[in-house]
file work-v3.cif (mmCIF, C-alpha atoms)
data_coords
#
loop_
_atom_site.label_atom_id
_atom_site.label_comp_id
_atom_site.auth_asym_id
_atom_site.auth_seq_id
_atom_site.Cartn_x
_atom_site.Cartn_y
_atom_site.Cartn_z
CA MET D 1 116.92 -41.77 61.38
CA LYS D 2 115.14 -42.77 58.10
CA ASN D 3 116.99 -43.46 54.89
CA PRO D 4 117.10 -40.47 52.53
CA THR D 5 116.25 -42.69 49.61
CA PHE D 6 113.09 -43.78 51.34
CA LEU D 7 112.05 -40.21 51.96
CA LEU D 8 112.66 -39.27 48.36
CA ARG D 9 110.56 -42.13 47.11
CA HIS D 10 107.82 -41.24 49.55
CA ALA D 11 107.86 -37.63 48.33
CA PHE D 12 107.62 -38.74 44.68
CA GLY D 13 104.71 -41.05 45.57
CA MET D 14 102.80 -38.27 47.24
CA PHE D 15 103.47 -36.01 44.26
CA PHE D 16 102.10 -38.57 41.78
CA LEU D 17 99.07 -39.18 44.05
CA ILE D 18 98.28 -35.47 44.08
CA LEU D 19 98.60 -35.32 40.27
CA ALA D 20 96.24 -38.27 39.91
CA LEU D 21 93.65 -36.70 42.17
CA ALA D 22 93.95 -33.42 40.28
CA ALA D 23 93.45 -35.21 36.98
CA ILE D 24 90.37 -36.98 38.27
CA GLY D 25 88.97 -33.66 39.52
CA CYS D 26 89.55 -32.04 36.14
CA ALA D 27 87.83 -34.90 34.35
CA GLY D 28 84.78 -34.61 36.63
CA SER D 29 84.50 -30.85 36.19
CA SER D 30 84.76 -31.15 32.40
CA SER D 31 81.88 -33.67 32.26
CA VAL D 32 79.47 -31.27 34.04
CA PRO D 33 79.53 -28.50 31.37
CA GLU D 34 78.90 -31.04 28.61
CA ALA D 35 75.57 -32.01 30.21
CA ALA D 36 74.43 -28.39 30.64
CA PRO D 37 73.39 -27.70 26.98
CA ALA D 38 70.85 -30.53 27.16
CA ALA D 39 68.58 -28.42 29.36
CA PRO D 40 67.79 -25.79 26.69
CA GLU D 41 66.95 -28.54 24.16
CA GLU D 42 64.33 -30.01 26.51
CA THR D 43 62.96 -26.54 27.19
CA THR D 44 62.64 -25.80 23.47
CA ALA D 45 60.81 -29.06 22.88
CA SER D 46 58.41 -28.40 25.76
CA GLU D 47 57.67 -24.87 24.56
CA ALA D 48 56.70 -26.09 21.06
CA VAL D 49 53.93 -28.38 22.35
CA PRO D 50 51.34 -25.69 23.25
CA THR D 51 51.44 -24.21 19.73
CA GLN D 52 49.81 -27.32 18.15
CA PRO D 53 46.30 -26.95 19.66
CA ALA D 54 46.18 -23.26 18.63
CA ILE D 55 46.63 -24.22 14.98
CA SER D 56 43.92 -26.91 15.12
CA LEU D 57 41.40 -24.54 16.73
CA THR D 58 41.61 -22.01 13.93
CA SER D 59 40.86 -24.67 11.34
CA GLN D 60 37.60 -25.90 12.91
CA PRO D 61 34.77 -25.80 10.27
CA ALA D 62 32.10 -25.28 12.95
CA GLU D 63 33.13 -21.65 13.38
CA ALA D 64 32.54 -20.79 9.69
CA PRO D 65 29.55 -18.42 9.07
CA VAL D 66 26.31 -20.07 7.89
CA PRO D 67 25.28 -18.86 4.39
CA PRO D 68 21.80 -17.23 4.10
CA ALA D 69 18.88 -19.28 2.74
CA ILE D 70 18.23 -18.92 -0.99
CA PRO D 71 14.73 -17.44 -1.65
CA GLU D 72 12.16 -19.69 -3.29
CA THR D 73 10.58 -18.27 -6.46
CA ARG D 74 6.82 -18.77 -6.80
CA ARG D 75 4.01 -17.55 -9.05
CA LEU D 76 0.93 -15.96 -7.51
CA THR D 77 -2.17 -16.18 -9.76
CA LEU D 78 -5.47 -14.41 -9.09
CA GLU D 79 -8.63 -15.18 -11.09
CA PHE D 80 -11.99 -13.40 -10.70
CA PRO D 81 -15.06 -12.51 -12.82
CA SER D 82 -15.22 -9.03 -14.30
CA LYS D 83 -19.05 -9.04 -14.57
CA MET D 84 -21.85 -11.05 -12.97
CA ARG D 85 -25.63 -10.84 -12.52
CA ALA D 86 -26.86 -9.38 -9.27
CA GLY D 87 -29.13 -11.46 -7.08
CA VAL D 88 -29.42 -14.46 -9.42
CA GLU D 89 -25.96 -16.04 -9.60
CA GLY D 90 -22.76 -16.52 -7.63
CA ASP D 91 -19.20 -16.87 -8.77
CA VAL D 92 -15.75 -17.82 -7.47
CA VAL D 93 -12.54 -15.91 -6.81
CA ARG D 94 -9.42 -18.11 -6.92
CA LEU D 95 -5.91 -17.38 -5.59
CA THR D 96 -3.09 -19.87 -6.30
CA LEU D 97 0.46 -19.85 -4.90
CA GLU D 98 2.59 -22.33 -6.86
CA VAL D 99 6.18 -23.02 -7.89
CA ASP D 100 7.13 -20.91 -10.91
CA ASP D 101 7.32 -23.42 -13.77
CA LEU D 102 5.73 -21.14 -16.38
CA GLY D 103 8.47 -18.55 -16.69
CA ASN D 104 7.06 -15.51 -18.48
CA ILE D 105 4.01 -17.35 -19.84
CA THR D 106 0.71 -15.72 -18.81
CA PRO D 107 -1.52 -18.23 -16.98
CA THR D 108 -4.89 -19.04 -18.57
CA ALA D 109 -8.26 -18.62 -16.91
CA GLN D 110 -10.09 -21.70 -15.66
CA ILE D 111 -13.45 -20.04 -16.44
CA GLU D 112 -13.93 -18.30 -19.79
CA GLY D 113 -14.29 -14.56 -19.51
CA ASN D 114 -12.59 -14.26 -16.12
CA VAL D 115 -9.75 -11.85 -15.42
CA VAL D 116 -6.38 -13.49 -14.62
CA VAL D 117 -3.54 -11.62 -12.93
CA GLY D 118 -0.14 -13.27 -12.34
CA GLU D 119 2.98 -12.06 -10.57
CA ILE D 120 6.34 -13.55 -9.50
CA ILE D 121 7.24 -13.41 -5.81
CA GLU D 122 10.19 -14.60 -3.71
CA ILE D 123 9.74 -16.06 -0.24
CA PRO D 124 12.38 -17.17 2.32
CA ASP D 125 13.28 -20.87 2.05
CA LEU D 126 12.92 -21.73 5.75
CA TYR D 127 11.06 -25.04 5.47
CA GLU D 128 13.79 -26.98 7.32
CA THR D 129 13.66 -24.80 10.45
CA HIS D 130 10.12 -23.35 10.38
CA ASN D 131 6.51 -24.38 9.86
CA VAL D 132 5.21 -22.14 7.06
CA THR D 133 1.51 -21.27 6.72
CA ALA D 134 -0.07 -19.18 3.94
CA GLU D 135 -2.88 -16.84 5.05
CA ALA D 136 -5.32 -15.31 2.51
CA ARG D 137 -8.31 -13.00 2.92
CA LEU D 138 -10.78 -11.31 0.54
CA ASP D 139 -12.16 -7.89 1.47
CA LEU D 140 -15.10 -7.02 -0.82
CA ALA D 141 -17.52 -4.55 0.75
CA GLY D 142 -21.21 -4.72 -0.23
CA MET D 143 -21.05 -8.28 -1.57
CA GLN D 144 -21.65 -11.64 0.13
CA VAL D 145 -18.30 -13.43 0.54
CA GLN D 146 -17.80 -16.98 1.82
CA PRO D 147 -15.70 -17.58 3.81
CA ALA D 148 -15.67 -14.08 5.22
CA GLU D 149 -12.71 -14.71 7.55
CA ALA D 150 -9.07 -15.50 6.67
CA ILE D 151 -8.15 -18.89 5.17
CA TYR D 152 -5.02 -20.78 6.30
CA GLU D 153 -3.14 -23.38 4.24
CA PRO D 154 0.08 -25.20 5.25
CA LEU D 155 2.84 -24.46 2.76
CA LYS D 156 5.42 -27.14 1.96
CA LYS D 157 8.51 -26.86 -0.24
CA GLY D 158 7.57 -27.34 -3.90
CA GLN D 159 3.83 -27.73 -3.19
CA THR D 160 0.87 -25.55 -4.25
CA ALA D 161 -1.58 -23.69 -2.02
CA THR D 162 -4.98 -22.65 -3.49
CA PHE D 163 -7.70 -20.46 -1.95
CA TYR D 164 -11.35 -20.13 -3.07
CA TRP D 165 -14.06 -17.61 -2.21
CA SER D 166 -17.72 -17.72 -3.23
CA ILE D 167 -19.16 -14.28 -3.99
CA ARG D 168 -22.72 -13.10 -4.70
CA PRO D 169 -23.88 -9.48 -5.30
CA GLN D 170 -27.38 -8.59 -4.20
CA GLU D 171 -27.63 -5.30 -6.08
CA THR D 172 -26.28 -3.92 -9.30
CA GLY D 173 -23.21 -1.77 -9.05
CA LEU D 174 -19.42 -1.64 -9.28
CA TYR D 175 -17.66 -3.47 -6.44
CA ARG D 176 -13.99 -3.01 -5.55
CA GLY D 177 -12.03 -5.13 -3.10
CA THR D 178 -8.59 -6.41 -2.07
CA VAL D 179 -7.15 -9.93 -1.98
CA TRP D 180 -4.53 -10.21 0.80
CA LEU D 181 -1.78 -12.82 1.18
CA HIS D 182 0.46 -13.22 4.24
CA LEU D 183 3.00 -15.87 5.26
CA ASN D 184 3.36 -17.05 8.86
CA PHE D 185 6.66 -18.61 10.05
CA ALA D 186 6.79 -20.64 13.30
CA ASN D 187 10.25 -21.67 14.50
CA LYS D 188 10.32 -25.44 15.14
CA SER D 189 12.84 -25.11 17.99
CA THR D 190 11.79 -21.98 19.87
CA GLY D 191 8.14 -21.59 18.79
CA GLU D 192 8.68 -17.93 17.85
CA GLU D 193 6.31 -16.69 15.12
CA ASP D 194 6.77 -14.11 12.38
CA ARG D 195 4.21 -12.75 9.88
CA ILE D 196 5.08 -11.01 6.61
CA ALA D 197 2.85 -9.43 3.95
CA VAL D 198 3.39 -10.92 0.49
CA SER D 199 0.73 -9.38 -1.78
CA ALA D 200 -2.31 -7.08 -1.84
CA GLN D 201 -4.15 -7.16 -5.19
CA ILE D 202 -7.08 -4.92 -6.13
CA ILE D 203 -10.09 -6.47 -7.90
CA GLU D 204 -13.08 -4.77 -9.58
CA ILE D 205 -16.34 -6.59 -10.36
CA GLU D 206 -19.42 -5.14 -12.05
CA ALA D 207 -22.82 -6.52 -11.06
CA VAL D 208 -25.51 -6.20 -13.76
CA ASP D 209 -29.27 -6.84 -13.73
CA PHE D 210 -31.14 -9.93 -14.94
CA PHE D 211 -30.94 -8.88 -18.59
CA GLY D 212 -27.24 -8.25 -18.41
CA LEU D 213 -27.53 -4.48 -18.39
CA SER D 214 -25.07 -2.40 -16.45
CA VAL D 215 -26.16 0.14 -13.87
CA ASN D 216 -25.85 3.19 -16.16
CA LEU D 217 -27.48 1.44 -19.12
CA ALA D 218 -30.35 0.20 -16.98
CA ARG D 219 -30.96 3.68 -15.65
CA THR D 220 -30.90 5.16 -19.18
CA SER D 221 -33.26 2.46 -20.43
CA GLY D 222 -35.61 3.16 -17.55
CA VAL D 223 -35.74 6.85 -18.36
CA VAL D 224 -36.40 6.20 -22.04
CA GLY D 225 -39.08 3.67 -21.20
CA SER D 226 -40.80 6.11 -18.90
CA ILE D 227 -40.85 8.79 -21.61
CA VAL D 228 -42.19 6.39 -24.23
CA GLY D 229 -44.81 5.06 -21.84
CA GLY D 230 -45.86 8.60 -20.95
CA VAL D 231 -46.28 9.58 -24.58
CA ILE D 232 -48.27 6.47 -25.46
CA GLY D 233 -50.54 6.94 -22.49
CA PHE D 234 -51.11 10.64 -23.17
CA PRO D 235 -54.89 11.52 -23.36
CA PHE D 236 -56.37 12.14 -26.85
CA LEU D 237 -53.13 11.01 -28.52
CA GLU D 238 -55.10 9.15 -31.20
CA ASP D 239 -57.30 12.16 -32.00
CA ILE D 240 -54.29 14.45 -32.25
CA LEU D 241 -52.57 12.09 -34.70
CA LYS D 242 -55.74 11.84 -36.85
CA PHE D 243 -56.06 15.64 -36.95
CA LEU D 244 -52.46 16.08 -38.04
CA PHE D 245 -52.85 13.42 -40.75
CA LYS D 246 -56.04 15.00 -42.19
CA ARG D 247 -54.43 18.44 -42.23
CA LYS D 248 -51.47 17.17 -44.17
CA SER D 249 -53.73 15.46 -46.73
CA ASN D 250 -55.80 18.65 -47.35
CA LYS D 251 -52.64 20.61 -48.10
CA ARG D 252 -51.70 18.15 -50.82
CA LEU D 253 -55.11 18.48 -52.49
#

call {"tool": "encode", "arguments": {"input": "work-v3.cif", "output": "structure tokens"}}
result
Amino acid sequence: MKNPTFLLRHAFGMFFLILALAAIGCAGSSSVPEAAPAAPEETTASEAVPTQPAISLTSQPAEAPVPPAIPETRRLTLEFPSKMRAGVEGDVVRLTLEVDDLGNITPTAQIEGNVVVGEIIEIPDLYETHNVTAEARLDLAGMQVQPAEAIYEPLKKGQTATFYWSIRPQETGLYRGTVWLHLNFANKSTGEEDRIAVSAQIIEIEAVDFFGLSVNLARTSGVVGSIVGGVIGFPFLEDILKFLFKRKSNKRL
């Protein structure tokens, strides 16, 4: 039979062993909850990452709208003769499209006596993306016009385009016509073409005869000349005048 003292010591040893194991278990269980809050912190950090690209995309300058092109201001000047001799001389009609440097100053005629008409126009400034061509045509029925077809001139930014027509009337009369100006735009990338009307100006030219007489004056002069010629060539005109002169002299006596 074992000693009671030995059994008591053995019981106390087992008791302390159980307490030690319980303490170790409590320490292990308390360390697990302390590590648990770390998970939400990592989740919060990972959720904040996708928001950065969204902010950078909204600030891209490439998505900003492109401002419209500012129109280019130009002066369109038309010069033509108001009167010319039919069948014996020709003249020139001139159309100039230039940058407006004159302001409100009226342009002067290159040929004395010609009519000069000027107007301010605005055209789209598309020289960087398009090839621009100015197209002009003179319609003047009843008069010889050279060239008779349309004239094309390349138009560059800040440069002048000038068109000339030679005209010659064959008969006296009053001639009316129209000077047309169009602009053609050809896209440098796609090749698409657009055509816009810029101006249509009316001209009026009077053709006179060799002596510089207008149609109405020439007709009046012709009628008067015919009457005078008829009277001078009338038979016995000299005898009639002598008879009237003698009759007047006898009355005085």

call {"tool": "closest_residue", "arguments": {"input": "work-v3.cif", "among": "D:Glu112, D:Asp194, D:Glu79, D:Glu98", "to": "D:Val132", "atoms": "only C-alpha atoms"}}
result
D:Asp194

call {"tool": "resolve_selection", "arguments": {"input": "work-v3.cif", "expression": "the PyMOL selection byres ((chain D and resi 84) around 7)", "output": "number ranges by chain"}}
result
D: 81, 83, 85-86, 206-208

call {"tool": "atom_distance", "arguments": {"input": "work-v3.cif", "atom1": "atom CA of D:Glu149", "atom2": "atom CA of D:Thr190"}}
result
28.4 Å

call {"tool": "atom_distance", "arguments": {"input": "work-v3.cif", "atom1": "atom CA of D:Gln201", "atom2": "atom CA of D:His182"}}
result
12.1 Å

call {"tool": "residues_near_point", "arguments": {"input": "work-v3.cif", "point": "(-4.0, -8.4, 0.4)", "cutoff": "10 Å", "atoms": "only C-alpha atoms", "output": "list of chain:residue names"}}
result
D:Glu135, D:Ala136, D:Arg137, D:Leu138, D:Asp139, D:Gly177, D:Thr178, D:Val179, D:Trp180, D:Leu181, D:His182, D:Ala197, D:Val198, D:Ser199, D:Ala200, D:Gln201, D:Ile202

call {"tool": "atom_distance", "arguments": {"input": "work-v3.cif", "atom1": "atom CA of D:Gln170", "atom2": "atom CA of D:Met143"}}
result
6.9 Å

call {"tool": "closest_residue", "arguments": {"input": "work-v3.cif", "among": "D:Arg176, D:His130, D:Lys156, D:Arg94", "to": "D:Glu193", "atoms": "only C-alpha atoms"}}
result
D:His130

call {"tool": "resolve_selection", "arguments": {"input": "work-v3.cif", "expression": "the PyMOL selection byres ((chain D and resi 90) around 9)", "output": "PDB file with C-alpha atoms, keeping the file's coordinate frame"}}
result
ATOM      1  CA  MET D  84     -21.850 -11.050 -12.970  1.00  0.00           C
ATOM      2  CA  ARG D  85     -25.630 -10.840 -12.520  1.00  0.00           C
ATOM      3  CA  ALA D  86     -26.860  -9.380  -9.270  1.00  0.00           C
ATOM      4  CA  GLY D  87     -29.130 -11.460  -7.080  1.00  0.00           C
ATOM      5  CA  VAL D  88     -29.420 -14.460  -9.420  1.00  0.00           C
ATOM      6  CA  GLU D  89     -25.960 -16.040  -9.600  1.00  0.00           C
ATOM      7  CA  ASP D  91     -19.200 -16.870  -8.770  1.00  0.00           C
ATOM      8  CA  VAL D  92     -15.750 -17.820  -7.470  1.00  0.00           C
ATOM      9  CA  SER D 166     -17.720 -17.720  -3.230  1.00  0.00           C
ATOM     10  CA  ILE D 167     -19.160 -14.280  -3.990  1.00  0.00           C
ATOM     11  CA  ARG D 168     -22.720 -13.100  -4.700  1.00  0.00           C
ATOM     12  CA  PRO D 169     -23.880  -9.480  -5.300  1.00  0.00           C
TER      13      PRO D 169
END

call {"tool": "resolve_selection", "arguments": {"input": "work-v3.cif", "expression": "the PyMOL selection byres ((chain D and resi 159) around 12)", "output": "number ranges by chain"}}
result
D: 72, 74-75, 96-101, 127, 132, 134, 153-158, 160-162

call {"tool": "write_last_selection", "arguments": {"input": "work-v3.cif", "atoms": "C-alpha atoms", "output": "PDB file, in the frame of the given file"}}
result
ATOM      1  CA  GLU D  72      12.160 -19.690  -3.290  1.00  0.00           C
ATOM      2  CA  ARG D  74       6.820 -18.770  -6.800  1.00  0.00           C
ATOM      3  CA  ARG D  75       4.010 -17.550  -9.050  1.00  0.00           C
ATOM      4  CA  THR D  96      -3.090 -19.870  -6.300  1.00  0.00           C
ATOM      5  CA  LEU D  97       0.460 -19.850  -4.900  1.00  0.00           C
ATOM      6  CA  GLU D  98       2.590 -22.330  -6.860  1.00  0.00           C
ATOM      7  CA  VAL D  99       6.180 -23.020  -7.890  1.00  0.00           C
ATOM      8  CA  ASP D 100       7.130 -20.910 -10.910  1.00  0.00           C
ATOM      9  CA  ASP D 101       7.320 -23.420 -13.770  1.00  0.00           C
ATOM     10  CA  TYR D 127      11.060 -25.040   5.470  1.00  0.00           C
ATOM     11  CA  VAL D 132       5.210 -22.140   7.060  1.00  0.00           C
ATOM     12  CA  ALA D 134      -0.070 -19.180   3.940  1.00  0.00           C
ATOM     13  CA  GLU D 153      -3.140 -23.380   4.240  1.00  0.00           C
ATOM     14  CA  PRO D 154       0.080 -25.200   5.250  1.00  0.00           C
ATOM     15  CA  LEU D 155       2.840 -24.460   2.760  1.00  0.00           C
ATOM     16  CA  LYS D 156       5.420 -27.140   1.960  1.00  0.00           C
ATOM     17  CA  LYS D 157       8.510 -26.860  -0.240  1.00  0.00           C
ATOM     18  CA  GLY D 158       7.570 -27.340  -3.900  1.00  0.00           C
ATOM     19  CA  THR D 160       0.870 -25.550  -4.250  1.00  0.00           C
ATOM     20  CA  ALA D 161      -1.580 -23.690  -2.020  1.00  0.00           C
ATOM     21  CA  THR D 162      -4.980 -22.650  -3.490  1.00  0.00           C
TER      22      THR D 162
END

call {"tool": "closest_residue", "arguments": {"input": "work-v3.cif", "among": "D:Tyr164, D:Tyr152, D:Glu204, D:Thr77", "to": "D:Val93", "atoms": "only C-alpha atoms"}}
result
D:Tyr164
